[in-house]
Amino acid sequence: MAAAYLHPPVQAPASSRLTDSHGRVIHDLRVSITDRCNYKCVYCRTGENGAQYPELQIEEYLRLIELFVGLGITKVRLTGGEPLLRRGLLDLVRELARMRTFEGQPLDIALTTNGHLLDRLAAGLKAAGLARVTVSMDAVDGPIFERITRVPGSFQAVLAGVRAARAAGLTPLKINCVLLRGFNDDQIEGFAHFARAEDVIVRFIEFMPLEEDRLWSPEIVVTLKEIVDRIGRVLPLVPLPAREASETARRYTFIDGKGEIGIIAPVSQAFCGACSRVRLTSDGKIRTCLFSQIEHDLYGRMRAGASNEELRAYIVRTVEDKEARHHIGESGFLKPSRSMVHIGG
Ligand code: SAM
């Protein structure tokens with residue numbers, strides 16, 4: 001791929017590093033590169049709507065990402081939709097691997113996937129420069145898994161993908177599991193064994209009201225406390241210290257030190273105060289919070305001919321106004337205009 005879009009590394013002064021008006025430093029960018037998906041997970045997509053938003057050219061994502069990197073972003077996570085469906089993904093990863101952060105370090109490049117196509121793509125992604133993947137997997141029991149994804153054969157495909165990722169060295173390998181009471185909460189203990197047997201970090205995520213359908217209720221959310229209590233009854237857990245303030249997962253190991261579990265609890269123990277993230281949607285809009293009511297059309301400005309300087313100033317202003325926190329569970333809570341699959345999880 002031609003590297004015409006790559007400009008000399010931008011060394012912005014420390015004073016222009018991305019910070020918001022609440023004093024949080026933003027160093028983590030999540031980029032959705034498609035809102036298409038090949039799964040119809042019951043808690044995410046109805047399956048009735050396909051892609052709803054356009055995709056940018058790979059070169060356009062690169063130009064926008066590079067602007068963020070020049071402002072202090074050190075970690076880029078590619079997501080979707082399903083990012084492995086996106087043509088040009090390997091080129092994108094290869095070019096991201098050539099970028100340097102503010103401090104002249106390589107970017108930390110990660111990707112979140114349902115894993116369906118990972119068996120054939122893992123080695124190529126690693127060779128292109130991807131550091132690690134997170135695979136979403138909501139059950140360790142095949143029939144339950146496929147009741148959730150609504151795709152026959154998906155369990156074996158994802159299991160093969162997980163193993164291919166590990167063999168390719170896309171590690172530490174994380175497995176994300178969204179728990180829903182009555183759908184897959186009976187999988188908690190099985191996942192604890194899976195983490196140890198497959199040498200993966202299993203992270204349970206509390207279900208957030210971001211689905212296309214209307215499924216969410218406080219009762220369906222399986223909370224951090226319940227997960228810790230249940231695993232602790234079969235395999236005693238030992239808390240691990242946080243590595244950085246913005247870490248989303250509470251981490252635990254088992255009493256013998258073998259294996260790791262994480263719990264991401266945006267509902268019962270929100271971590272907005274330490275949030276270090278912003279998102280770029282597949283159509284080039286900045287979202288400063290998963291639950292933002294407004295989006296900021298960065299790509300529109302780029303298409304209209306804005307200079308890099310103007311685009312950087314726009315990013316800085318937009319991030320300054322990042323929301324203090326989400327309001328899940330409070331009266332008057334409004335679902336965002338896009339569901340998770342169209343935002344980029
Ligand atoms: N297709 C990729 C995948 O499956 O990982 C990337 C996109 S997906 C939207 C990203 C993550 O968001 C997945 O781990 C998925 O389980 C999670 N997710 C989707 N809807 C969610 C919700 N309402 N609450 C919490 N997590 C959700």
# chains A, B, ... in the order shown; residues from 1 in each chain; ligands from 1
>>> residues_around(residues="region 67-80 of chain A", least_positions_apart="6", cutoff="8 Å", atoms="only C-alpha atoms", output="count of residues only")
39
>>> residues_near_ligand(ligand="ligand 1", cutoff="6 Å", atoms="only C-alpha atoms and all ligand atoms", output="number ranges by chain")
A: 43-44, 79-82, 112-114, 135-136, 176, 178, 205-211, 340-341, 344-345
>>> write_last_selection(atoms="N, CA, C and O atoms", output="short mmCIF file (atom, residue, chain, number, x, y, z; two decimals), in the first residue's frame")
data_model
loop_
_atom_site.label_atom_id
_atom_site.label_comp_id
_atom_site.auth_asym_id
_atom_site.auth_seq_id
_atom_site.Cartn_x
_atom_site.Cartn_y
_atom_site.Cartn_z
N TYR A 43 -27.93 -10.45 22.31
CA TYR A 43 -27.88 -9.24 23.16
C TYR A 43 -27.33 -8.03 22.42
O TYR A 43 -27.12 -6.98 23.01
N CYS A 44 -27.04 -8.20 21.13
CA CYS A 44 -26.38 -7.13 20.39
C CYS A 44 -27.19 -6.72 19.17
O CYS A 44 -27.70 -5.61 19.08
N THR A 79 -11.99 -2.41 15.91
CA THR A 79 -13.19 -3.14 16.28
C THR A 79 -14.26 -2.92 15.21
O THR A 79 -13.99 -2.44 14.12
N GLY A 80 -15.49 -3.29 15.54
CA GLY A 80 -16.57 -3.12 14.57
C GLY A 80 -17.90 -3.22 15.28
O GLY A 80 -17.95 -3.02 16.51
N GLY A 81 -18.94 -3.64 14.63
CA GLY A 81 -19.03 -4.66 13.61
C GLY A 81 -17.98 -5.74 13.82
O GLY A 81 -17.43 -5.87 14.88
N GLU A 82 -17.74 -6.49 12.79
CA GLU A 82 -16.71 -7.52 12.87
C GLU A 82 -15.51 -7.09 12.03
O GLU A 82 -15.58 -7.13 10.79
N THR A 112 -10.50 -6.37 18.57
CA THR A 112 -11.56 -7.15 19.19
C THR A 112 -12.36 -7.83 18.08
O THR A 112 -12.78 -7.18 17.13
N THR A 113 -12.55 -9.13 18.21
CA THR A 113 -13.20 -9.90 17.13
C THR A 113 -14.09 -10.97 17.71
O THR A 113 -13.89 -11.42 18.84
N ASN A 114 -15.05 -11.42 16.90
CA ASN A 114 -15.82 -12.59 17.33
C ASN A 114 -15.04 -13.88 17.07
O ASN A 114 -15.47 -14.96 17.47
N VAL A 135 -11.01 -11.97 21.94
CA VAL A 135 -12.05 -12.72 21.22
C VAL A 135 -13.31 -12.74 22.09
O VAL A 135 -13.25 -13.04 23.28
N SER A 136 -14.43 -12.41 21.47
CA SER A 136 -15.69 -12.44 22.22
C SER A 136 -16.25 -13.86 22.15
O SER A 136 -16.32 -14.46 21.09
N ASN A 176 -13.64 -12.21 25.89
CA ASN A 176 -14.69 -11.38 26.51
C ASN A 176 -16.01 -12.12 26.52
O ASN A 176 -16.44 -12.64 25.48
N VAL A 178 -20.01 -11.61 27.65
CA VAL A 178 -21.09 -10.78 28.19
C VAL A 178 -22.11 -11.73 28.82
O VAL A 178 -22.61 -12.64 28.16
N ILE A 205 -18.12 -9.32 31.13
CA ILE A 205 -18.54 -7.92 30.98
C ILE A 205 -20.01 -7.81 31.36
O ILE A 205 -20.84 -8.60 30.89
N GLU A 206 -20.30 -6.85 32.21
CA GLU A 206 -21.71 -6.62 32.53
C GLU A 206 -22.44 -6.08 31.29
O GLU A 206 -21.91 -5.22 30.57
N PHE A 207 -23.61 -6.59 31.09
CA PHE A 207 -24.43 -6.22 29.93
C PHE A 207 -24.89 -4.76 30.06
O PHE A 207 -25.43 -4.35 31.08
N MET A 208 -24.65 -3.98 29.00
CA MET A 208 -25.04 -2.56 29.01
C MET A 208 -26.21 -2.32 28.05
O MET A 208 -26.36 -3.07 27.07
N PRO A 209 -27.00 -1.30 28.29
CA PRO A 209 -28.15 -1.04 27.41
C PRO A 209 -27.71 -0.43 26.08
O PRO A 209 -27.89 0.76 25.83
N LEU A 210 -27.14 -1.26 25.24
CA LEU A 210 -26.61 -0.80 23.95
C LEU A 210 -27.04 -1.73 22.82
O LEU A 210 -26.43 -1.76 21.76
N GLU A 211 -28.06 -2.54 23.09
CA GLU A 211 -28.49 -3.53 22.10
C GLU A 211 -29.47 -2.92 21.09
O GLU A 211 -30.11 -1.91 21.38
N MET A 340 -24.37 -0.84 20.05
CA MET A 340 -22.95 -1.21 20.17
C MET A 340 -22.33 -1.61 18.84
O MET A 340 -21.22 -1.19 18.51
N VAL A 341 -23.03 -2.42 18.07
CA VAL A 341 -22.44 -2.93 16.82
C VAL A 341 -22.14 -1.79 15.83
O VAL A 341 -21.22 -1.87 15.03
N GLY A 344 -19.02 0.49 17.76
CA GLY A 344 -17.70 -0.15 17.82
C GLY A 344 -17.36 -0.40 19.28
O GLY A 344 -17.07 0.55 20.02
N GLY A 345 -17.42 -1.67 19.68
CA GLY A 345 -17.29 -1.99 21.10
C GLY A 345 -15.85 -2.12 21.53
O GLY A 345 -14.94 -2.10 20.74
#
>>> atom_distance(atom1="CA of Ala51 (chain A)", atom2="CA of Thr134 (chain A)")
22.2 Å
>>> residues_around(residues="Lys258 (chain A)", least_positions_apart="5", cutoff="9 Å", atoms="only C-alpha atoms", output="PyMOL selection string")
chain A and resi 196+199+253
>>> select_by_dssp(residues="region 118-241 of chain A", states="strand (DSSP E)", output="ChimeraX atom specification")
/A:132-136,174-179,201-206,237-239
>>> atom_distance(atom1="CA of Thr223 (chain A)", atom2="CA of Ala265 (chain A)")
6.9 Å
>>> select_by_dssp(residues="region 108-345 of chain A", states="alpha helix (DSSP H)", output="VMD selection string")
chain A and resid 118 to 128 142 to 149 154 to 168 188 to 198 224 to 234 298 to 303 308 to 320 340 to 343
>>> residues_around(residues="Phe333 (chain A)", least_positions_apart="6", cutoff="12 Å", atoms="only C-alpha atoms", output="number ranges by chain")
A: 209-210, 291-293, 325-327
>>> closest_residue(among="A:Glu103, A:Glu219, A:Glu55, A:Asp213", to="Leu85 (chain A)", atoms="only C-alpha atoms")
A:Glu55
>>> closest_residue(among="A:Trp216, A:Phe194, A:Phe204, A:Phe155", to="Val42 (chain A)", atoms="only C-alpha atoms")
A:Trp216
>>> closest_residue(among="A:Gly257, A:Gly305, A:Gly262, A:Gly284", to="Pro54 (chain A)", atoms="only C-alpha atoms")
A:Gly284
>>> closest_residue(among="A:Arg132, A:Val151, A:Glu247, A:Ile144", to="His116 (chain A)", atoms="only C-alpha atoms")
A:Val151
